[in-house]
file upload19.txt (compact mmCIF, C-alpha atoms and all ligand atoms)
# COMPACT_ATOMS: atom_id res chain seq x y z
CA GLU A 951 0.00 0.00 0.00
CA THR A 952 1.43 3.39 -1.04
CA ILE A 953 0.26 6.66 0.48
CA SER A 954 0.76 10.03 -1.16
CA VAL A 955 0.61 13.28 0.80
CA VAL A 956 0.09 16.42 -1.27
CA GLY A 957 1.34 19.57 0.50
CA LEU A 958 4.35 19.06 2.76
CA GLY A 959 3.80 21.87 5.25
CA TYR A 960 2.97 21.98 8.95
CA ILE A 961 0.36 19.24 8.62
CA GLY A 962 1.36 17.27 5.53
CA LEU A 963 4.98 16.61 6.44
CA PRO A 964 4.36 15.31 9.98
CA THR A 965 1.47 13.20 8.68
CA ALA A 966 3.62 11.75 5.88
CA ALA A 967 6.36 11.01 8.43
CA MET A 968 3.88 9.23 10.74
CA PHE A 969 2.73 6.86 7.98
CA ALA A 970 6.38 6.26 7.06
CA SER A 971 7.20 5.51 10.70
CA ARG A 972 4.63 2.67 10.44
CA LYS A 973 6.69 1.29 7.55
CA LYS A 974 4.30 2.40 4.81
CA GLN A 975 5.69 3.64 1.51
CA VAL A 976 4.98 7.37 1.43
CA ILE A 977 5.38 9.76 -1.50
CA GLY A 978 5.26 13.41 -0.52
CA VAL A 979 4.30 15.91 -3.23
CA ASP A 980 4.94 19.65 -3.03
CA VAL A 981 5.25 22.48 -5.54
CA ASN A 982 8.24 23.87 -3.63
CA GLN A 983 11.38 22.30 -5.12
CA LYS A 984 13.51 23.56 -2.23
CA ALA A 985 11.26 21.88 0.34
CA VAL A 986 11.33 18.68 -1.71
CA ASP A 987 15.14 18.70 -1.84
CA THR A 988 15.41 19.43 1.87
CA ILE A 989 13.14 16.53 2.76
CA ASN A 990 14.99 14.15 0.40
CA ARG A 991 18.19 15.01 2.30
CA GLY A 992 16.39 13.85 5.46
CA GLU A 993 16.03 17.41 6.75
CA ILE A 994 13.04 19.66 7.37
CA HIS A 995 12.07 23.16 6.23
CA ILE A 996 9.58 23.94 9.02
CA VAL A 997 9.89 24.16 12.78
CA GLU A 998 8.22 21.53 14.92
CA PRO A 999 9.76 19.74 17.91
CA ASP A 1000 11.17 16.25 17.10
CA LEU A 1001 9.92 16.33 13.51
CA ASP A 1002 13.51 16.44 12.20
CA MET A 1003 14.30 13.06 13.77
CA VAL A 1004 11.14 11.38 12.50
CA VAL A 1005 11.60 12.70 8.95
CA HIS A 1006 15.28 11.79 8.97
CA ALA A 1007 14.53 8.21 10.05
CA ALA A 1008 11.74 7.93 7.45
CA VAL A 1009 13.94 9.11 4.56
CA VAL A 1010 17.04 7.13 5.56
CA GLY A 1011 14.87 4.03 6.09
CA GLY A 1012 13.57 4.37 2.52
CA TYR A 1013 9.92 4.89 3.50
CA LEU A 1014 9.52 8.59 2.67
CA ARG A 1015 10.41 10.31 -0.57
CA ALA A 1016 9.42 13.76 -1.83
CA THR A 1017 8.74 14.90 -5.40
CA THR A 1018 7.14 17.79 -7.29
CA ILE A 1019 5.23 15.49 -9.65
CA ALA A 1020 2.53 13.14 -8.38
CA GLU A 1021 3.02 9.39 -8.72
CA PRO A 1022 0.45 6.59 -8.49
CA ALA A 1023 -0.61 5.64 -4.96
CA ASP A 1024 -3.50 3.89 -3.23
CA ALA A 1025 -4.42 6.81 -0.98
CA PHE A 1026 -3.92 10.56 -1.49
CA LEU A 1027 -4.06 13.00 1.42
CA ILE A 1028 -4.41 16.65 0.49
CA ALA A 1029 -2.96 19.06 3.07
CA VAL A 1030 -2.62 22.37 1.25
CA PRO A 1031 -3.39 25.90 2.52
CA THR A 1032 -6.94 27.31 2.42
CA PRO A 1033 -6.50 31.05 2.94
CA PHE A 1034 -9.08 33.68 2.11
CA LYS A 1035 -9.08 36.03 -0.84
CA GLY A 1036 -8.11 39.63 -0.14
CA ASP A 1037 -10.07 41.59 2.43
CA ASN A 1038 -13.51 40.18 1.87
CA HIS A 1039 -12.80 36.93 3.76
CA GLU A 1040 -14.02 34.68 0.96
CA PRO A 1041 -12.37 31.24 1.10
CA ASP A 1042 -9.75 30.60 -1.56
CA LEU A 1043 -9.87 26.98 -2.71
CA SER A 1044 -7.35 27.39 -5.53
CA TYR A 1045 -4.67 25.31 -3.76
CA ILE A 1046 -7.13 22.41 -3.44
CA GLU A 1047 -8.04 22.82 -7.09
CA SER A 1048 -4.40 22.65 -8.17
CA ALA A 1049 -3.80 19.65 -5.92
CA CYS A 1050 -6.63 17.96 -7.84
CA GLN A 1051 -4.93 18.78 -11.15
CA THR A 1052 -1.71 17.32 -9.77
CA ILE A 1053 -3.15 13.96 -8.70
CA ALA A 1054 -5.86 13.50 -11.35
CA PRO A 1055 -3.54 11.99 -14.02
CA VAL A 1056 -2.34 9.22 -11.68
CA LEU A 1057 -5.69 8.37 -10.03
CA LYS A 1058 -6.98 4.84 -10.60
CA LYS A 1059 -9.96 2.67 -9.64
CA GLY A 1060 -10.08 1.86 -5.92
CA ASP A 1061 -8.05 4.89 -4.82
CA LEU A 1062 -8.93 6.96 -1.77
CA VAL A 1063 -8.68 10.77 -1.76
CA ILE A 1064 -8.81 12.56 1.58
CA LEU A 1065 -9.02 16.31 2.07
CA GLU A 1066 -7.27 17.28 5.32
CA SER A 1067 -7.09 21.04 4.77
CA THR A 1068 -9.48 23.14 6.85
CA SER A 1069 -12.23 23.90 4.37
CA PRO A 1070 -15.56 25.70 4.02
CA VAL A 1071 -18.68 23.54 3.99
CA GLY A 1072 -19.12 21.96 0.56
CA ALA A 1073 -15.40 21.96 -0.35
CA THR A 1074 -15.05 18.16 -0.33
CA GLU A 1075 -17.89 17.81 -2.80
CA LYS A 1076 -16.31 20.52 -4.96
CA MET A 1077 -12.97 18.70 -4.81
CA SER A 1078 -14.62 15.49 -5.90
CA GLY A 1079 -16.29 17.41 -8.74
CA TRP A 1080 -12.96 18.82 -9.95
CA LEU A 1081 -11.47 15.32 -9.96
CA ALA A 1082 -14.51 14.02 -11.87
CA VAL A 1083 -14.04 16.67 -14.58
CA ALA A 1084 -10.33 15.87 -14.89
CA ARG A 1085 -10.97 12.12 -15.04
CA PRO A 1086 -14.20 11.40 -16.99
CA ASP A 1087 -13.07 7.75 -17.30
CA LEU A 1088 -13.50 7.22 -13.54
CA THR A 1089 -16.63 7.53 -11.38
CA PHE A 1090 -16.93 9.56 -8.18
CA PRO A 1091 -19.24 9.40 -5.12
CA GLN A 1092 -21.45 12.39 -5.96
CA THR A 1093 -22.75 10.62 -9.08
CA HIS A 1094 -22.19 6.92 -8.33
CA GLY A 1095 -22.51 6.74 -4.54
CA GLU A 1096 -21.14 3.51 -3.08
CA LYS A 1097 -20.43 2.19 -6.58
CA SER A 1098 -17.90 4.92 -7.35
CA ASP A 1099 -14.40 4.01 -8.54
CA VAL A 1100 -12.73 6.52 -6.25
CA ARG A 1101 -13.51 7.09 -2.55
CA VAL A 1102 -13.53 10.65 -1.21
CA ALA A 1103 -13.55 11.92 2.40
CA HIS A 1104 -12.83 14.96 4.54
CA CYS A 1105 -10.76 14.30 7.67
CA PRO A 1106 -9.75 17.66 9.10
CA GLU A 1107 -6.43 17.97 10.89
CA ARG A 1108 -6.72 19.29 14.46
CA VAL A 1109 -3.19 19.19 15.88
CA LEU A 1110 -1.66 21.96 17.96
CA PRO A 1111 1.55 23.50 16.55
CA GLY A 1112 4.35 22.66 18.97
CA HIS A 1113 2.75 19.32 19.88
CA VAL A 1114 1.99 17.99 16.42
CA LEU A 1115 3.64 14.57 16.67
CA ARG A 1116 1.95 13.74 19.96
CA GLU A 1117 -1.46 15.08 18.95
CA LEU A 1118 -1.39 13.34 15.54
CA VAL A 1119 -1.31 10.02 17.37
CA GLN A 1120 -3.43 10.79 20.41
CA ASN A 1121 -6.23 13.06 19.18
CA ASP A 1122 -9.57 11.66 18.10
CA ARG A 1123 -10.36 12.11 14.42
CA VAL A 1124 -13.54 13.13 12.65
CA ILE A 1125 -13.94 11.17 9.42
CA GLY A 1126 -16.41 12.63 6.96
CA GLY A 1127 -16.78 10.32 3.99
CA MET A 1128 -18.95 11.22 1.01
CA THR A 1129 -20.48 7.74 1.50
CA PRO A 1130 -20.20 5.18 4.33
CA LYS A 1131 -17.70 3.17 2.26
CA CYS A 1132 -15.53 6.26 1.83
CA SER A 1133 -15.59 6.76 5.61
CA ALA A 1134 -14.66 3.14 6.26
CA ALA A 1135 -11.70 3.32 3.86
CA ALA A 1136 -10.45 6.55 5.45
CA THR A 1137 -10.81 5.10 8.96
CA ASP A 1138 -8.71 2.06 7.99
CA LEU A 1139 -5.99 4.38 6.75
CA TYR A 1140 -5.84 6.57 9.88
CA LYS A 1141 -5.91 3.51 12.14
CA LEU A 1142 -2.35 2.85 10.90
CA PHE A 1143 -1.07 5.42 13.41
CA VAL A 1144 -3.98 7.11 15.21
CA ALA A 1145 -4.45 5.86 18.77
CA GLY A 1146 -7.40 8.19 19.39
CA GLU A 1147 -10.93 7.24 18.35
CA CYS A 1148 -12.18 7.77 14.79
CA PHE A 1149 -15.72 9.16 14.61
CA ILE A 1150 -17.58 8.73 11.35
CA THR A 1151 -19.91 11.36 9.90
CA ASN A 1152 -20.59 12.93 6.51
CA ALA A 1153 -18.23 15.34 4.73
CA ARG A 1154 -20.28 18.50 5.39
CA THR A 1155 -20.49 17.83 9.13
CA ALA A 1156 -16.75 17.12 9.27
CA GLU A 1157 -16.04 20.41 7.46
CA MET A 1158 -18.29 22.33 9.85
CA CYS A 1159 -16.86 20.49 12.85
CA LYS A 1160 -13.35 21.76 12.22
CA LEU A 1161 -14.58 25.33 11.66
CA THR A 1162 -16.67 25.07 14.83
CA GLU A 1163 -13.71 23.98 16.98
CA ASN A 1164 -11.60 26.97 15.99
CA SER A 1165 -14.54 29.39 16.16
CA PHE A 1166 -15.34 28.15 19.66
CA ARG A 1167 -11.79 28.98 20.73
CA ASP A 1168 -11.88 32.34 18.96
CA VAL A 1169 -15.16 33.35 20.62
CA ASN A 1170 -13.83 32.35 24.02
CA ILE A 1171 -10.57 34.24 23.56
CA ALA A 1172 -12.60 37.27 22.42
CA PHE A 1173 -14.57 37.08 25.67
CA ALA A 1174 -11.29 37.18 27.63
CA ASN A 1175 -9.93 40.01 25.47
CA GLU A 1176 -13.10 42.04 25.88
CA LEU A 1177 -12.94 41.54 29.65
CA SER A 1178 -9.33 42.76 29.69
CA MET A 1179 -10.30 46.04 28.02
CA ILE A 1180 -13.30 46.52 30.34
CA CYS A 1181 -11.14 45.80 33.40
CA ASP A 1182 -8.49 48.23 32.26
CA LYS A 1183 -11.12 50.95 32.16
CA LEU A 1184 -12.53 49.97 35.57
CA ASP A 1185 -9.09 49.60 37.18
CA ILE A 1186 -9.45 45.90 37.95
CA ASN A 1187 -6.70 43.29 37.53
CA VAL A 1188 -8.23 41.04 34.84
CA TRP A 1189 -5.89 38.12 35.66
CA GLU A 1190 -6.99 38.05 39.28
CA LEU A 1191 -10.60 38.46 38.16
CA ILE A 1192 -10.41 35.49 35.77
CA LYS A 1193 -8.68 33.32 38.36
CA LEU A 1194 -11.48 34.04 40.82
CA ALA A 1195 -14.32 33.61 38.32
CA ASN A 1196 -12.80 30.29 37.20
CA ARG A 1197 -13.22 28.96 40.75
CA HIS A 1198 -16.91 28.64 39.86
CA PRO A 1199 -17.52 25.01 38.89
CA ARG A 1200 -19.03 25.91 35.51
CA VAL A 1201 -16.88 28.88 34.46
CA LYS A 1202 -13.67 28.48 32.47
CA ILE A 1203 -12.51 31.75 30.95
CA LEU A 1204 -9.46 31.67 28.66
CA GLN A 1205 -6.54 34.09 28.84
CA PRO A 1206 -6.52 37.57 27.32
CA GLY A 1207 -3.56 38.45 25.11
CA PRO A 1208 -2.40 41.00 22.53
CA GLY A 1209 -4.73 39.49 19.90
CA VAL A 1210 -5.17 36.15 18.16
CA GLY A 1211 -2.42 34.89 15.88
CA GLY A 1212 -1.54 31.70 14.07
CA HIS A 1213 -2.71 30.31 10.78
CA CYS A 1214 -6.11 28.92 11.72
CA ILE A 1215 -8.10 30.56 14.49
CA ALA A 1216 -8.01 34.01 12.90
CA ILE A 1217 -9.12 32.59 9.53
CA ASP A 1218 -11.49 29.65 9.96
CA PRO A 1219 -14.37 31.53 11.66
CA TRP A 1220 -14.65 33.72 8.55
CA PHE A 1221 -15.59 30.60 6.53
CA ILE A 1222 -18.67 30.27 8.72
CA VAL A 1223 -19.43 34.00 8.48
CA ASP A 1224 -19.06 33.83 4.69
CA ALA A 1225 -21.49 30.88 4.49
CA ALA A 1226 -24.19 32.34 6.75
CA PRO A 1227 -23.54 36.04 7.36
CA GLU A 1228 -27.08 36.74 8.56
CA HIS A 1229 -26.73 34.26 11.44
CA ALA A 1230 -23.03 34.23 12.29
CA LYS A 1231 -23.20 37.47 14.28
CA LEU A 1232 -21.40 36.38 17.43
CA ILE A 1233 -18.67 34.61 15.45
CA ARG A 1234 -18.06 37.72 13.36
CA GLN A 1235 -18.07 39.99 16.41
CA ALA A 1236 -15.51 37.76 18.15
CA ARG A 1237 -13.21 38.03 15.12
CA GLU A 1238 -13.55 41.79 15.22
CA VAL A 1239 -12.83 41.98 18.96
CA ASN A 1240 -9.70 39.85 18.57
CA ASP A 1241 -8.52 41.73 15.48
CA HIS A 1242 -8.98 45.02 17.33
CA LYS A 1243 -6.91 44.00 20.35
CA PRO A 1244 -3.45 44.75 18.87
CA HIS A 1245 -4.61 48.29 18.00
CA TRP A 1246 -5.89 48.77 21.54
CA VAL A 1247 -2.48 47.68 22.90
CA VAL A 1248 -0.69 50.10 20.54
CA GLU A 1249 -2.90 52.98 21.71
CA ARG A 1250 -2.09 52.21 25.34
CA VAL A 1251 1.64 52.14 24.66
CA LYS A 1252 1.44 55.37 22.69
CA ALA A 1253 -0.33 57.12 25.56
CA VAL A 1254 2.52 56.17 27.90
CA ALA A 1255 5.31 56.84 25.38
CA ASP A 1256 4.02 60.41 24.97
CA ARG A 1257 5.34 61.12 28.48
CA TYR A 1258 8.95 60.54 27.38
CA LYS A 1259 11.17 62.53 25.04
CA ASN A 1260 13.01 59.52 23.63
CA PRO A 1261 11.28 56.47 25.05
CA VAL A 1262 13.10 53.16 25.08
CA ILE A 1263 10.52 50.40 24.75
CA ALA A 1264 11.35 46.75 25.48
CA CYS A 1265 8.98 44.40 23.61
CA LEU A 1266 9.03 40.98 25.22
CA GLY A 1267 8.11 38.26 22.72
CA LEU A 1268 7.45 38.26 18.97
CA ALA A 1269 6.08 34.74 18.36
CA PHE A 1270 2.35 34.18 17.87
CA LYS A 1271 2.18 32.23 21.12
CA ALA A 1272 4.27 30.94 24.00
CA ASN A 1273 7.43 28.84 23.61
CA ILE A 1274 7.52 28.57 19.83
CA ASP A 1275 9.63 30.41 17.27
CA ASP A 1276 6.84 30.97 14.73
CA LEU A 1277 6.54 34.71 14.05
CA ARG A 1278 4.06 34.48 11.19
CA GLU A 1279 0.58 35.93 11.75
CA SER A 1280 1.70 37.16 15.16
CA PRO A 1281 -0.16 39.99 16.93
CA ALA A 1282 3.14 40.79 18.71
CA VAL A 1283 4.77 41.49 15.35
CA GLU A 1284 1.80 43.62 14.28
CA ILE A 1285 2.16 45.69 17.46
CA VAL A 1286 5.93 46.10 17.03
CA GLN A 1287 5.46 47.24 13.42
CA GLU A 1288 2.95 49.88 14.54
CA LEU A 1289 5.17 51.07 17.41
CA ALA A 1290 8.10 51.40 15.03
CA LYS A 1291 6.23 54.31 13.47
CA LEU A 1292 6.58 56.29 16.71
CA ARG A 1293 9.12 59.01 16.12
CA ASP A 1294 12.02 59.24 18.60
CA ALA A 1295 11.23 55.88 20.21
CA ARG A 1296 13.77 53.05 20.33
CA LEU A 1297 12.48 49.47 20.32
CA LEU A 1298 14.41 46.63 21.97
CA LEU A 1299 12.98 43.34 20.73
CA VAL A 1300 13.33 40.26 22.92
CA GLU A 1301 12.59 36.87 21.38
CA PRO A 1302 14.54 34.05 23.06
CA ASN A 1303 13.48 31.55 20.37
CA ILE A 1304 15.19 33.23 17.39
CA SER A 1305 18.78 34.26 16.67
CA GLN A 1306 18.08 36.96 14.09
CA LEU A 1307 15.19 39.17 13.11
CA PRO A 1308 13.21 38.20 10.00
CA LYS A 1309 13.25 40.61 7.04
CA GLY A 1310 10.06 42.53 7.85
CA LEU A 1311 11.33 43.42 11.32
CA THR A 1312 14.92 44.52 10.78
CA ASP A 1313 13.88 48.18 10.43
CA THR A 1314 11.68 48.22 13.52
CA GLY A 1315 14.23 47.78 16.28
CA GLU A 1316 17.13 45.71 17.54
CA LEU A 1317 17.09 42.13 18.80
CA CYS A 1318 18.22 42.26 22.41
CA ASP A 1319 18.65 39.83 25.29
CA LEU A 1320 16.09 39.95 28.06
CA ASN A 1321 18.14 41.46 30.89
CA ASN A 1322 19.75 44.12 28.73
CA ALA A 1323 16.42 45.16 27.29
CA ILE A 1324 14.76 45.50 30.68
CA GLU A 1325 17.71 47.39 32.10
CA GLN A 1326 17.68 49.97 29.31
CA ALA A 1327 13.90 50.34 28.90
CA ASP A 1328 11.56 53.03 30.14
CA ILE A 1329 8.56 50.99 29.09
CA VAL A 1330 8.33 47.18 29.16
CA ILE A 1331 5.58 45.51 27.11
CA VAL A 1332 4.94 41.79 27.53
CA LEU A 1333 3.55 40.42 24.27
CA VAL A 1334 4.12 36.65 24.65
CA ASP A 1335 4.05 34.45 27.75
CA HIS A 1336 7.34 32.66 26.99
CA LYS A 1337 8.59 30.62 29.94
CA GLN A 1338 11.74 32.79 30.26
CA PHE A 1339 9.63 35.85 31.07
CA ALA A 1340 8.02 34.25 34.11
CA LEU A 1341 11.47 34.31 35.75
CA ILE A 1342 11.84 38.10 35.52
CA GLU A 1343 12.57 39.56 38.98
CA ARG A 1344 9.79 41.95 39.98
CA SER A 1345 12.46 44.32 41.37
CA ALA A 1346 13.97 44.66 37.86
CA VAL A 1347 10.78 46.27 36.51
CA LEU A 1348 9.72 48.26 39.57
CA ALA A 1349 10.92 51.56 38.14
CA LYS A 1350 9.52 50.90 34.66
CA VAL A 1351 6.10 51.35 33.14
CA VAL A 1352 4.88 47.81 32.47
CA ILE A 1353 2.16 46.98 29.95
CA ASP A 1354 1.57 43.28 30.33
CA THR A 1355 -0.80 41.86 27.69
CA ARG A 1356 -0.35 38.27 28.93
CA GLY A 1357 -0.46 38.58 32.71
CA VAL A 1358 3.09 37.28 33.13
CA LEU A 1359 4.27 40.03 35.48
CA CYS A 1360 0.94 40.86 37.16
N1 LIG B 1 -4.62 32.60 22.72
C1 LIG B 1 -4.97 33.56 23.66
N2 LIG B 1 -5.56 33.16 24.83
C2 LIG B 1 -5.78 31.83 25.11
C3 LIG B 1 -5.43 30.87 24.15
C4 LIG B 1 -4.84 31.28 22.96
O1 LIG B 1 -4.78 34.76 23.45
O2 LIG B 1 -6.29 31.56 26.21
C5 LIG B 1 -3.99 33.02 21.44
C6 LIG B 1 -2.58 32.49 21.25
O3 LIG B 1 -1.64 33.28 21.92
C7 LIG B 1 -2.43 32.53 19.75
C8 LIG B 1 -3.85 32.21 19.26
O4 LIG B 1 -4.69 32.46 20.36
O5 LIG B 1 -2.07 33.82 19.30
C9 LIG B 1 -4.02 30.78 18.77
O6 LIG B 1 -3.32 29.87 19.59
P1 LIG B 1 -3.91 28.45 20.03
O7 LIG B 1 -2.89 27.79 20.87
O8 LIG B 1 -5.25 28.61 20.63
O9 LIG B 1 -4.16 27.69 18.67
P2 LIG B 1 -3.30 27.34 17.35
O10 LIG B 1 -3.63 28.37 16.32
O11 LIG B 1 -1.86 27.11 17.65
O12 LIG B 1 -3.97 25.93 16.96
C10 LIG B 1 -5.39 25.84 16.80
C11 LIG B 1 -5.90 24.64 17.62
N3 LIG B 1 -7.36 24.67 17.71
C12 LIG B 1 -8.02 24.58 18.89
O13 LIG B 1 -7.45 24.50 19.95
C13 LIG B 1 -9.51 24.56 18.82
C14 LIG B 1 -5.42 23.33 16.97
O14 LIG B 1 -5.98 22.21 17.65
C15 LIG B 1 -5.83 23.30 15.49
O15 LIG B 1 -5.38 22.11 14.85
C16 LIG B 1 -5.15 24.49 14.82
O16 LIG B 1 -5.68 25.69 15.41
C17 LIG B 1 -5.48 24.40 13.34
O17 LIG B 1 -4.58 24.03 12.58
O18 LIG B 1 -6.63 24.66 12.95

call {"tool": "encode", "arguments": {"input": "upload19.txt", "output": "C-alpha cells"}}
result
Amino acid sequence: ETISVVGLGYIGLPTAAMFASRKKQVIGVDVNQKAVDTINRGEIHIVEPDLDMVVHAAVVGGYLRATTIAEPADAFLIAVPTPFKGDNHEPDLSYIESACQTIAPVLKKGDLVILESTSPVGATEKMSGWLAVARPDLTFPQTHGEKSDVRVAHCPERVLPGHVLRELVQNDRVIGGMTPKCSAAATDLYKLFVAGECFITNARTAEMCKLTENSFRDVNIAFANELSMICDKLDINVWELIKLANRHPRVKILQPGPGVGGHCIAIDPWFIVDAAPEHAKLIRQAREVNDHKPHWVVERVKAVADRYKNPVIACLGLAFKANIDDLRESPAVEIVQELAKLRDARLLLVEPNISQLPKGLTDTGELCDLNNAIEQADIVIVLVDHKQFALIERSAVLAKVVIDTRGVLC
C-alpha cells in the first residue's frame, strides 16, 4: 500500500512522516522544489519539535520520498493551505483545485482521496467534482454513490503547533466520507497510526466540525480580550478576576492576550461568516474583537510613550504564542510594526526563540537579550508568555512602566 501526501507543510509533512514511521511507503508531493530537496536530504524546512528526527529516520529508512510530480498511490491525502481572498474573507480553494490537477492523471480505480485542509462547507464535494471533470473515465461518489471508482472523504487535521507529533497520534479524528464506504476506507488508513478514536460522519459535518472547533476557541478568547479592556477601564486586575471567576464550577474563561495569531483561528471563523452572514453574528463579532486587540495595545503604549522625550521600549516576545519560534501571523509582530512608526522611540525586541530578526522586522528595532532590554527600557511591554519571562525579577521592573498583555508580570 502506497500513500501520497500532497502539500508538505505543517500538517502534511508530519502526517507523511507518521505513515512512514509505520513502515508504509509514502510519497510526498509539493510544488516547492527547495522543500522537496530538503526533505529528500532527510532534513526539514519547518519548525516543529522532534519532527527532524522522524523525517530523517523515514527518509534514511527508505519509507519517505518527496517529489514535485505526483506518482500513483492507493491513498492521497491533500494538506494544502486554504487562505481567504483579499479583504472580503471569501475562502480561496485554488490550492485544493491545483492539488486535484496534480493527482488527477495518476488516479486509478479503488483509490482513496482525503481532504485534510481546513475547508468551508461543501469543499469536499467541490474537490470530488474537480477530480470528476479531470478524469471522466473514472466515477466519483457524488454521481455513483457507493459504486464509485474513487472514494472521497474529509478528515480535518486538528493538531496543535508545537505538539503535532503527539497530537497526531493521540487526538480523536472526525472522518467525513462522502459515503459510508468512503468513511470506512479513510478510517482504515488513519488507524495505521492514530491511537485516538475515529468518529464517522458525513463530509459536510466534518467540514463544519473543524470550523466550529476553531470558532469556539476564537469566541472564548474574544470574551477574555473584551474583559481585559473593560477591566483596564474599571481599574481591575483582569488576571486576578479570571482566576477568581474560574473557581466557579461551571466557568472556564481563557486568557486575554495581545490578539489572536496563528494560521487557523483568525481565519477559519470567517468561513462560517461567509457561508451564513445573517446568522453568524457572534462569530463575526468575536473576530472583530480579537482583530482590534493589537490596535488597543498600541494605543495604550502610545499614551505612555508620549510622556517621554526619547522612550526606550522593550517588547518581550514576537512569536504568535508561547514557547515557539513561529513569528508568522503574530499579533506581537503587528504591534511592534505599529510602534516602530513612533518618532524618537527606540524598540528593543526580545525573542529568546530566534537568533536573528526576519526581514520585515529589521527596520523596527534591535534584537536584544532579556536582561539588557529590561535594564535599558523606560517601558516594558509583555507580548508573549514565553517561559523565560516568568522568571523576571519583579524588582527589575519596579521603576519601569509595564504593559503586560499576557499577565506574566501581574
Ligand atoms: N490565545 C490567547 N488566549 C488563550 C489561548 C490562545 O490569546 O487563552 C492566542 C494564542 O496566543 C495565539 C492564538 O490564540 O495567538 C491561537 O493559539 P492556540 O494555541 O489557541 O491555537 P493554534 O492556532 O496554535 O492551533 C489551533 C488549535 N485549535 C483549537 O485548539 C480549537 C489546533 O488544535 C488546530 O489544529 C489548529 O488551530 C489548526 O490548525 O486549525

call {"tool": "residues_near_ligand", "arguments": {"input": "upload19.txt", "ligand": "ligand LIG 1 (chain B)", "cutoff": "7 Å", "atoms": "all atoms listed in the file", "output": "ChimeraX atom specification"}}
result
/A:1068,1107-1111,1163-1164,1166-1167,1171,1204-1215,1270-1272,1280-1281

call {"tool": "atom_distance", "arguments": {"input": "upload19.txt", "atom1": "atom CA of A:Gly957", "atom2": "atom CA of A:Thr1032"}}
result
11.5 Å

call {"tool": "closest_residue", "arguments": {"input": "upload19.txt", "among": "A:Thr965, A:Ser1133, A:Asn1152, A:Thr1312", "to": "A:Val1071", "atoms": "only C-alpha atoms"}}
result
A:Asn1152

call {"tool": "atom_distance", "arguments": {"input": "upload19.txt", "atom1": "atom CA of A:Ala1054", "atom2": "atom CA of A:Ala1073"}}
result
16.8 Å

call {"tool": "atom_distance", "arguments": {"input": "upload19.txt", "atom1": "atom CA of A:Thr1074", "atom2": "atom CA of A:His1104"}}
result
6.2 Å

call {"tool": "closest_residue", "arguments": {"input": "upload19.txt", "among": "A:Ala1153, A:Leu1184, A:Ile1324, A:Ala1029", "to": "A:Tyr960", "atoms": "all atoms listed in the file"}}
result
A:Ala1029

call {"tool": "residues_around", "arguments": {"input": "upload19.txt", "residues": "A:Ile1233", "least_positions_apart": "5", "cutoff": "9 Å", "atoms": "all atoms listed in the file", "output": "mmCIF file with C-alpha atoms, in the frame of the given file"}}
result
data_model
loop_
_atom_site.group_PDB
_atom_site.id
_atom_site.type_symbol
_atom_site.label_atom_id
_atom_site.label_comp_id
_atom_site.auth_asym_id
_atom_site.auth_seq_id
_atom_site.Cartn_x
_atom_site.Cartn_y
_atom_site.Cartn_z
ATOM 1 C CA SER A 1165 -14.540 29.390 16.160
ATOM 2 C CA PHE A 1166 -15.340 28.150 19.660
ATOM 3 C CA ASP A 1168 -11.880 32.340 18.960
ATOM 4 C CA VAL A 1169 -15.160 33.350 20.620
ATOM 5 C CA PRO A 1219 -14.370 31.530 11.660
ATOM 6 C CA TRP A 1220 -14.650 33.720 8.550
ATOM 7 C CA ILE A 1222 -18.670 30.270 8.720
ATOM 8 C CA VAL A 1223 -19.430 34.000 8.480
ATOM 9 C CA GLU A 1238 -13.550 41.790 15.220
#

call {"tool": "closest_residue", "arguments": {"input": "upload19.txt", "among": "A:Leu1142, A:Val986, A:Met1128, A:Val1083", "to": "A:Ser971", "atoms": "only C-alpha atoms"}}
result
A:Leu1142

call {"tool": "closest_residue", "arguments": {"input": "upload19.txt", "among": "A:Thr1129, A:Gln975, A:Thr1355, A:Thr1155", "to": "A:Ile953", "atoms": "only C-alpha atoms"}}
result
A:Gln975

call {"tool": "axis_aligned_box", "arguments": {"input": "upload19.txt", "around": "stretch 1102-1121 of chain A", "padding_each_side": "8 Å", "output": "JSON"}}
result
{"center_x": -4.6, "center_y": 16.8, "center_z": 9.6, "size_x": 33.9, "size_y": 29.5, "size_z": 37.6}
